[in-house]
>>> print(open('input.cif').read())   # mmCIF, C-alpha atoms
data_upload
#
loop_
_atom_site.group_PDB
_atom_site.id
_atom_site.type_symbol
_atom_site.label_atom_id
_atom_site.label_comp_id
_atom_site.auth_asym_id
_atom_site.auth_seq_id
_atom_site.Cartn_x
_atom_site.Cartn_y
_atom_site.Cartn_z
ATOM 1 C CA ALA A 1 -19.964 -63.260 -15.148
ATOM 2 C CA VAL A 2 -20.932 -59.889 -16.673
ATOM 3 C CA VAL A 3 -19.345 -60.847 -19.990
ATOM 4 C CA VAL A 4 -21.108 -64.228 -20.016
ATOM 5 C CA LEU A 5 -24.455 -62.541 -19.346
ATOM 6 C CA ALA A 6 -23.748 -59.966 -22.067
ATOM 7 C CA LEU A 7 -22.896 -62.694 -24.552
ATOM 8 C CA ALA A 8 -26.000 -64.627 -23.585
ATOM 9 C CA ALA A 9 -28.132 -61.520 -23.970
ATOM 10 C CA ALA A 10 -26.562 -60.812 -27.346
ATOM 11 C CA ALA A 11 -27.179 -64.377 -28.441
ATOM 12 C CA GLN A 12 -30.826 -64.027 -27.488
ATOM 13 C CA ALA A 13 -31.093 -60.682 -29.257
ATOM 14 C CA GLY A 14 -29.403 -61.982 -32.392
ATOM 15 C CA LYS A 15 -26.080 -63.179 -33.740
ATOM 16 C CA VAL A 16 -22.730 -62.332 -32.173
ATOM 17 C CA TYR A 17 -20.027 -60.959 -34.438
ATOM 18 C CA TYR A 18 -16.278 -60.557 -34.222
ATOM 19 C CA ARG A 19 -14.570 -57.365 -35.282
ATOM 20 C CA TYR A 20 -10.843 -57.193 -35.993
ATOM 21 C CA GLN A 21 -8.270 -55.685 -38.320
ATOM 22 C CA ASN A 22 -6.824 -57.868 -41.024
ATOM 23 C CA ASP A 23 -3.218 -57.894 -42.234
ATOM 24 C CA ARG A 24 -3.838 -54.790 -44.373
ATOM 25 C CA GLY A 25 -5.267 -52.835 -41.449
ATOM 26 C CA VAL A 26 -8.835 -53.069 -42.723
ATOM 27 C CA THR A 27 -11.556 -53.563 -40.108
ATOM 28 C CA VAL A 28 -13.399 -56.820 -40.635
ATOM 29 C CA GLN A 29 -16.616 -57.975 -38.959
ATOM 30 C CA THR A 30 -17.665 -61.602 -39.251
ATOM 31 C CA ASP A 31 -19.635 -64.265 -37.430
ATOM 32 C CA ARG A 32 -16.677 -66.700 -37.585
ATOM 33 C CA LEU A 33 -13.375 -65.761 -36.003
ATOM 34 C CA PRO A 34 -10.314 -67.104 -37.846
ATOM 35 C CA PRO A 35 -7.883 -68.774 -35.364
ATOM 36 C CA GLU A 36 -4.928 -66.767 -36.675
ATOM 37 C CA VAL A 37 -6.679 -63.546 -35.638
ATOM 38 C CA VAL A 38 -6.907 -64.450 -31.937
ATOM 39 C CA PRO A 39 -3.306 -63.434 -31.049
ATOM 40 C CA ARG A 40 -3.861 -59.997 -32.647
ATOM 41 C CA GLY A 41 -6.898 -59.230 -30.494
ATOM 42 C CA TYR A 42 -10.494 -58.577 -31.468
ATOM 43 C CA GLN A 43 -13.889 -57.320 -30.305
ATOM 44 C CA VAL A 44 -17.090 -59.237 -29.708
ATOM 45 C CA VAL A 45 -19.998 -57.139 -30.920
ATOM 46 C CA SER A 46 -23.768 -57.480 -31.163
ATOM 47 C CA ALA A 47 -25.767 -57.341 -34.387
ATOM 48 C CA ASN A 48 -26.320 -53.610 -33.922
ATOM 49 C CA GLY A 49 -22.609 -52.957 -33.402
ATOM 50 C CA ASP A 50 -22.505 -52.641 -29.609
ATOM 51 C CA VAL A 51 -19.183 -53.828 -28.164
ATOM 52 C CA ILE A 52 -19.790 -56.730 -25.765
ATOM 53 C CA GLN A 53 -16.206 -57.678 -25.004
ATOM 54 C CA VAL A 54 -12.704 -56.567 -25.984
ATOM 55 C CA ILE A 55 -10.025 -59.227 -26.224
ATOM 56 C CA ALA A 56 -6.563 -57.668 -26.077
ATOM 57 C CA ARG A 57 -3.814 -58.863 -28.336
ATOM 58 C CA GLU A 58 -1.191 -61.228 -26.995
ATOM 59 C CA LEU A 59 1.962 -59.537 -25.717
ATOM 60 C CA THR A 60 5.282 -60.134 -27.425
ATOM 61 C CA ALA A 61 8.169 -61.719 -25.530
ATOM 62 C CA GLU A 62 9.767 -58.286 -25.171
ATOM 63 C CA GLU A 63 6.530 -56.774 -23.853
ATOM 64 C CA LEU A 64 6.078 -59.620 -21.376
ATOM 65 C CA GLN A 65 9.638 -59.091 -20.180
ATOM 66 C CA ALA A 66 9.062 -55.343 -19.825
ATOM 67 C CA ARG A 67 5.793 -55.947 -17.952
ATOM 68 C CA ASP A 68 7.474 -58.392 -15.573
ATOM 69 C CA ALA A 69 10.370 -55.982 -15.039
ATOM 70 C CA GLU A 70 7.982 -53.165 -14.207
ATOM 71 C CA ALA A 71 6.075 -55.417 -11.802
ATOM 72 C CA GLU A 72 9.338 -56.356 -10.091
ATOM 73 C CA GLN A 73 10.315 -52.681 -9.782
ATOM 74 C CA GLN A 74 6.957 -51.924 -8.204
ATOM 75 C CA ARG A 75 7.380 -54.842 -5.803
ATOM 76 C CA LEU A 76 10.853 -53.660 -4.791
ATOM 77 C CA ALA A 77 9.627 -50.091 -4.373
ATOM 78 C CA ALA A 78 6.774 -51.270 -2.155
ATOM 79 C CA ALA A 79 9.166 -53.399 -0.083
ATOM 80 C CA GLU A 80 11.534 -50.436 0.333
ATOM 81 C CA ALA A 81 8.682 -48.157 1.361
ATOM 82 C CA GLU A 82 7.594 -50.716 3.966
ATOM 83 C CA ARG A 83 11.182 -51.044 5.247
ATOM 84 C CA VAL A 84 11.488 -47.279 5.665
ATOM 85 C CA ARG A 85 8.085 -47.098 7.372
ATOM 86 C CA LYS A 86 9.141 -49.729 9.929
ATOM 87 C CA TRP A 87 12.512 -47.994 10.385
ATOM 88 C CA ASP A 88 10.844 -44.640 11.095
ATOM 89 C CA ARG A 89 8.430 -46.225 13.558
ATOM 90 C CA SER A 90 11.289 -48.022 15.312
ATOM 91 C CA LEU A 91 13.263 -44.789 15.659
ATOM 92 C CA PHE A 92 10.401 -42.949 17.359
ATOM 93 C CA ILE A 93 9.726 -45.909 19.648
ATOM 94 C CA ARG A 94 13.355 -46.138 20.812
ATOM 95 C CA TYR A 95 14.426 -42.517 20.904
ATOM 96 C CA SER A 96 13.062 -39.143 21.917
ATOM 97 C CA ASN A 97 15.916 -37.032 20.550
ATOM 98 C CA VAL A 98 19.233 -37.247 18.715
ATOM 99 C CA ALA A 99 21.227 -37.199 21.968
ATOM 100 C CA GLU A 100 19.698 -40.536 22.932
ATOM 101 C CA ILE A 101 20.872 -42.056 19.662
ATOM 102 C CA GLU A 102 24.367 -40.678 20.256
ATOM 103 C CA ASP A 103 24.408 -42.229 23.734
ATOM 104 C CA ALA A 104 23.230 -45.580 22.384
ATOM 105 C CA LYS A 105 25.936 -45.402 19.735
ATOM 106 C CA LEU A 106 28.671 -44.797 22.322
ATOM 107 C CA ARG A 107 27.418 -47.666 24.500
ATOM 108 C CA GLY A 108 27.221 -50.040 21.552
ATOM 109 C CA LEU A 109 30.687 -49.209 20.255
ATOM 110 C CA LYS A 110 32.170 -49.436 23.758
ATOM 111 C CA GLU A 111 30.765 -52.949 24.072
ATOM 112 C CA PHE A 112 32.434 -53.906 20.788
ATOM 113 C CA ASP A 113 35.736 -52.388 21.948
ATOM 114 C CA THR A 114 35.583 -54.389 25.180
ATOM 115 C CA ARG A 115 34.943 -57.658 23.375
ATOM 116 C CA ILE A 116 37.659 -56.937 20.805
ATOM 117 C CA GLY A 117 40.090 -56.008 23.586
ATOM 118 C CA ILE A 118 39.476 -59.307 25.403
ATOM 119 C CA LEU A 119 40.062 -61.275 22.220
ATOM 120 C CA GLN A 120 43.221 -59.312 21.437
ATOM 121 C CA GLY A 121 44.510 -60.069 24.936
ATOM 122 C CA ASN A 122 43.789 -63.758 24.429
ATOM 123 C CA LEU A 123 45.509 -63.602 21.063
ATOM 124 C CA MET A 124 48.678 -62.153 22.572
ATOM 125 C CA SER A 125 48.641 -64.868 25.230
ATOM 126 C CA LEU A 126 48.248 -67.583 22.614
ATOM 127 C CA LYS A 127 51.125 -66.205 20.555
ATOM 128 C CA GLY A 128 53.283 -66.118 23.672
ATOM 129 C CA GLN A 129 52.458 -69.758 24.365
ATOM 130 C CA ILE A 130 53.357 -70.676 20.792
ATOM 131 C CA GLU A 131 56.727 -68.939 21.088
ATOM 132 C CA SER A 132 57.409 -70.817 24.301
ATOM 133 C CA GLU A 133 56.398 -74.178 22.847
ATOM 134 C CA GLN A 134 58.377 -73.531 19.671
ATOM 135 C CA GLY A 135 61.392 -72.683 21.839
ATOM 136 C CA ASP A 136 61.048 -76.076 23.535
ATOM 137 C CA ALA A 137 60.798 -77.747 20.139
ATOM 138 C CA ALA A 138 63.959 -75.923 19.000
ATOM 139 C CA ASP A 139 65.802 -77.208 22.087
ATOM 140 C CA TYR A 140 64.945 -80.773 21.140
ATOM 141 C CA ALA A 141 66.183 -80.154 17.611
ATOM 142 C CA ARG A 142 69.456 -78.594 18.811
ATOM 143 C CA ARG A 143 70.133 -81.652 20.958
ATOM 144 C CA GLY A 144 69.485 -83.875 17.981
ATOM 145 C CA ARG A 145 66.397 -85.342 19.534
ATOM 146 C CA GLU A 146 63.035 -85.835 17.877
ATOM 147 C CA VAL A 147 60.367 -83.317 18.866
ATOM 148 C CA PRO A 148 57.696 -85.140 20.898
ATOM 149 C CA GLU A 149 54.419 -85.624 19.028
ATOM 150 C CA ALA A 150 52.458 -84.182 21.954
ATOM 151 C CA LEU A 151 54.477 -80.954 21.745
ATOM 152 C CA THR A 152 53.898 -80.715 17.960
ATOM 153 C CA LYS A 153 50.176 -81.237 18.476
ATOM 154 C CA ARG A 154 50.069 -78.538 21.186
ATOM 155 C CA ILE A 155 51.736 -76.070 18.823
ATOM 156 C CA GLU A 156 49.306 -76.891 16.012
ATOM 157 C CA SER A 157 46.370 -76.594 18.405
ATOM 158 C CA LEU A 158 47.585 -73.203 19.609
ATOM 159 C CA LYS A 159 48.013 -72.022 16.004
ATOM 160 C CA ALA A 160 44.424 -73.085 15.266
ATOM 161 C CA GLU A 161 43.258 -71.048 18.279
ATOM 162 C CA VAL A 162 45.219 -68.062 16.971
ATOM 163 C CA ARG A 163 43.533 -68.342 13.571
ATOM 164 C CA TYR A 164 40.121 -68.552 15.245
ATOM 165 C CA ALA A 165 40.853 -65.544 17.483
ATOM 166 C CA GLU A 166 42.095 -63.484 14.519
ATOM 167 C CA SER A 167 38.976 -64.401 12.548
ATOM 168 C CA ALA A 168 36.709 -63.500 15.489
ATOM 169 C CA ILE A 169 38.482 -60.155 15.940
ATOM 170 C CA GLY A 170 38.126 -59.377 12.236
ATOM 171 C CA ALA A 171 34.418 -60.248 12.313
ATOM 172 C CA LEU A 172 33.820 -58.072 15.377
ATOM 173 C CA GLN A 173 35.726 -55.166 13.858
ATOM 174 C CA HIS A 174 33.630 -55.446 10.696
ATOM 175 C CA GLU A 175 30.435 -55.623 12.745
ATOM 176 C CA ARG A 176 31.564 -52.596 14.749
ATOM 177 C CA VAL A 177 31.991 -50.563 11.553
ATOM 178 C CA GLU A 178 28.549 -51.623 10.300
ATOM 179 C CA THR A 179 26.972 -50.804 13.662
ATOM 180 C CA GLU A 180 28.570 -47.347 13.718
ATOM 181 C CA GLN A 181 27.361 -46.686 10.171
ATOM 182 C CA GLN A 182 23.838 -47.798 11.085
ATOM 183 C CA PHE A 183 23.790 -45.419 14.057
ATOM 184 C CA GLU A 184 24.914 -42.616 11.740
ATOM 185 C CA ARG A 185 22.087 -43.469 9.349
ATOM 186 C CA ASP A 186 19.655 -43.515 12.283
ATOM 187 C CA ILE A 187 20.807 -40.068 13.368
ATOM 188 C CA GLU A 188 20.533 -38.671 9.849
ATOM 189 C CA ARG A 189 17.075 -40.161 9.371
ATOM 190 C CA PHE A 190 15.835 -39.015 12.786
ATOM 191 C CA GLU A 191 16.990 -35.454 12.089
ATOM 192 C CA TYR A 192 15.228 -35.547 8.715
ATOM 193 C CA LEU A 193 11.987 -36.761 10.310
ATOM 194 C CA LEU A 194 12.167 -34.007 12.924
ATOM 195 C CA GLU A 195 12.664 -31.416 10.184
ATOM 196 C CA GLN A 196 9.676 -32.742 8.257
ATOM 197 C CA ALA A 197 7.547 -32.711 11.387
ATOM 198 C CA ALA A 198 8.554 -29.101 12.066
ATOM 199 C CA LEU A 199 7.619 -28.060 8.506
ATOM 200 C CA GLN A 200 4.165 -29.563 8.866
ATOM 201 C CA ARG A 201 3.354 -27.605 12.007
#
>>> encode(input="input.cif", output="structure tokens")
Amino acid sequence: AVVVLALAAAAQAGKVYYRYQNDRGVTVQTDRLPPEVVPRGYQVVSANGDVIQVIARELTAEELQARDAEAEQQRLAAAEAERVRKWDRSLFIRYSNVAEIEDAKLRGLKEFDTRIGILQGNLMSLKGQIESEQGDAADYARRGREVPEALTKRIESLKAEVRYAESAIGALQHERVETEQQFERDIERFEYLLEQAALQR
């Protein structure tokens, strides 16, 4: 709106001119702007030489890419700063001291150990059942008899349960490691925040 008013005022006061540099680097001022000049940028000036508007040159592909990359870096930095801010706030809401984080860590890991232990017990039971069923199947084979389809299906079903239990145990063990590492990060961060608070006193 300001530029439009300035242009209108300039038009009323007199002609509007365009100032730019030509291919040889010489400054040119004219009342008609050549189309090929637009990408290089130019100035709109009044008859007495006052600059009304500056039109920047068009960015190259490389410059556009660099600008976008910088904008993305700034976005990521802002997102990281927000994540850390929420993390810090969460720590002070949940804990009053490092000992409380240590206690929460022990409780959390104990819960994982209990769940893993139950699954490992189930896994041993399943493997025992498979051995028993496979023993029955071997008896049929030794007697020259065909293994009943129901028995074969039970064995395959038990093997599928074993694979599921092993997968669940592996997932819980991985989650346990990640949880322990997160608690360690929480402790380290909480100690850092306490140190910073002490320095500011």
>>> resolve_selection(input="input.cif", expression="the PyMOL selection byres ((chain A and resi 119) around 12)", output="PyMOL selection string")
chain A and resi 112-118+120-126+161-173
>>> closest_residue(input="input.cif", among="A:Leu109, A:Glu63, A:Val45, A:Val37", to="Glu178 (chain A)", atoms="all atoms listed in the file")
A:Leu109
>>> closest_residue(input="input.cif", among="A:Thr179, A:Gln53, A:Ala79, A:Glu62", to="Glu111 (chain A)", atoms="all atoms listed in the file")
A:Thr179
>>> closest_residue(input="input.cif", among="A:Leu199, A:Ala137, A:Leu158, A:Ala104", to="Ile187 (chain A)", atoms="only C-alpha atoms")
A:Ala104
>>> atom_distance(input="input.cif", atom1="CA of Ser46 (chain A)", atom2="CA of Arg24 (chain A)")
24.1 Å
>>> atom_distance(input="input.cif", atom1="CA of Glu36 (chain A)", atom2="CA of Gln65 (chain A)")
23.3 Å
>>> atom_distance(input="input.cif", atom1="CA of Lys86 (chain A)", atom2="CA of Ile101 (chain A)")
17.1 Å
>>> axis_aligned_box(input="input.cif", around="region 160-165 of chain A", padding_each_side="5 Å", output="AutoDock Vina command-line options")
--center_x 42.7 --center_y -69.3 --center_z 15.9 --size_x 15.1 --size_y 17.5 --size_z 14.7
>>> resolve_selection(input="input.cif", expression="the PyMOL selection byres ((chain A and resi 51) around 12)", output="PDB file with C-alpha atoms, in the coordinates of the input")
ATOM      1  CA  VAL A   3     -19.345 -60.847 -19.990  1.00  0.00           C
ATOM      2  CA  ALA A   6     -23.748 -59.966 -22.067  1.00  0.00           C
ATOM      3  CA  LEU A   7     -22.896 -62.694 -24.552  1.00  0.00           C
ATOM      4  CA  ALA A  10     -26.562 -60.812 -27.346  1.00  0.00           C
ATOM      5  CA  VAL A  16     -22.730 -62.332 -32.173  1.00  0.00           C
ATOM      6  CA  TYR A  17     -20.027 -60.959 -34.438  1.00  0.00           C
ATOM      7  CA  TYR A  18     -16.278 -60.557 -34.222  1.00  0.00           C
ATOM      8  CA  ARG A  19     -14.570 -57.365 -35.282  1.00  0.00           C
ATOM      9  CA  TYR A  20     -10.843 -57.193 -35.993  1.00  0.00           C
ATOM     10  CA  GLN A  29     -16.616 -57.975 -38.959  1.00  0.00           C
ATOM     11  CA  TYR A  42     -10.494 -58.577 -31.468  1.00  0.00           C
ATOM     12  CA  GLN A  43     -13.889 -57.320 -30.305  1.00  0.00           C
ATOM     13  CA  VAL A  44     -17.090 -59.237 -29.708  1.00  0.00           C
ATOM     14  CA  VAL A  45     -19.998 -57.139 -30.920  1.00  0.00           C
ATOM     15  CA  SER A  46     -23.768 -57.480 -31.163  1.00  0.00           C
ATOM     16  CA  ALA A  47     -25.767 -57.341 -34.387  1.00  0.00           C
ATOM     17  CA  ASN A  48     -26.320 -53.610 -33.922  1.00  0.00           C
ATOM     18  CA  GLY A  49     -22.609 -52.957 -33.402  1.00  0.00           C
ATOM     19  CA  ASP A  50     -22.505 -52.641 -29.609  1.00  0.00           C
ATOM     20  CA  ILE A  52     -19.790 -56.730 -25.765  1.00  0.00           C
ATOM     21  CA  GLN A  53     -16.206 -57.678 -25.004  1.00  0.00           C
ATOM     22  CA  VAL A  54     -12.704 -56.567 -25.984  1.00  0.00           C
ATOM     23  CA  ILE A  55     -10.025 -59.227 -26.224  1.00  0.00           C
TER      24      ILE A  55
END
>>> resolve_selection(input="input.cif", expression="the PyMOL selection byres ((chain A and resi 102) around 12)", output="NGL selection string")
:A and (95-101 or 103-109 or 180 or 182-188 or 190)
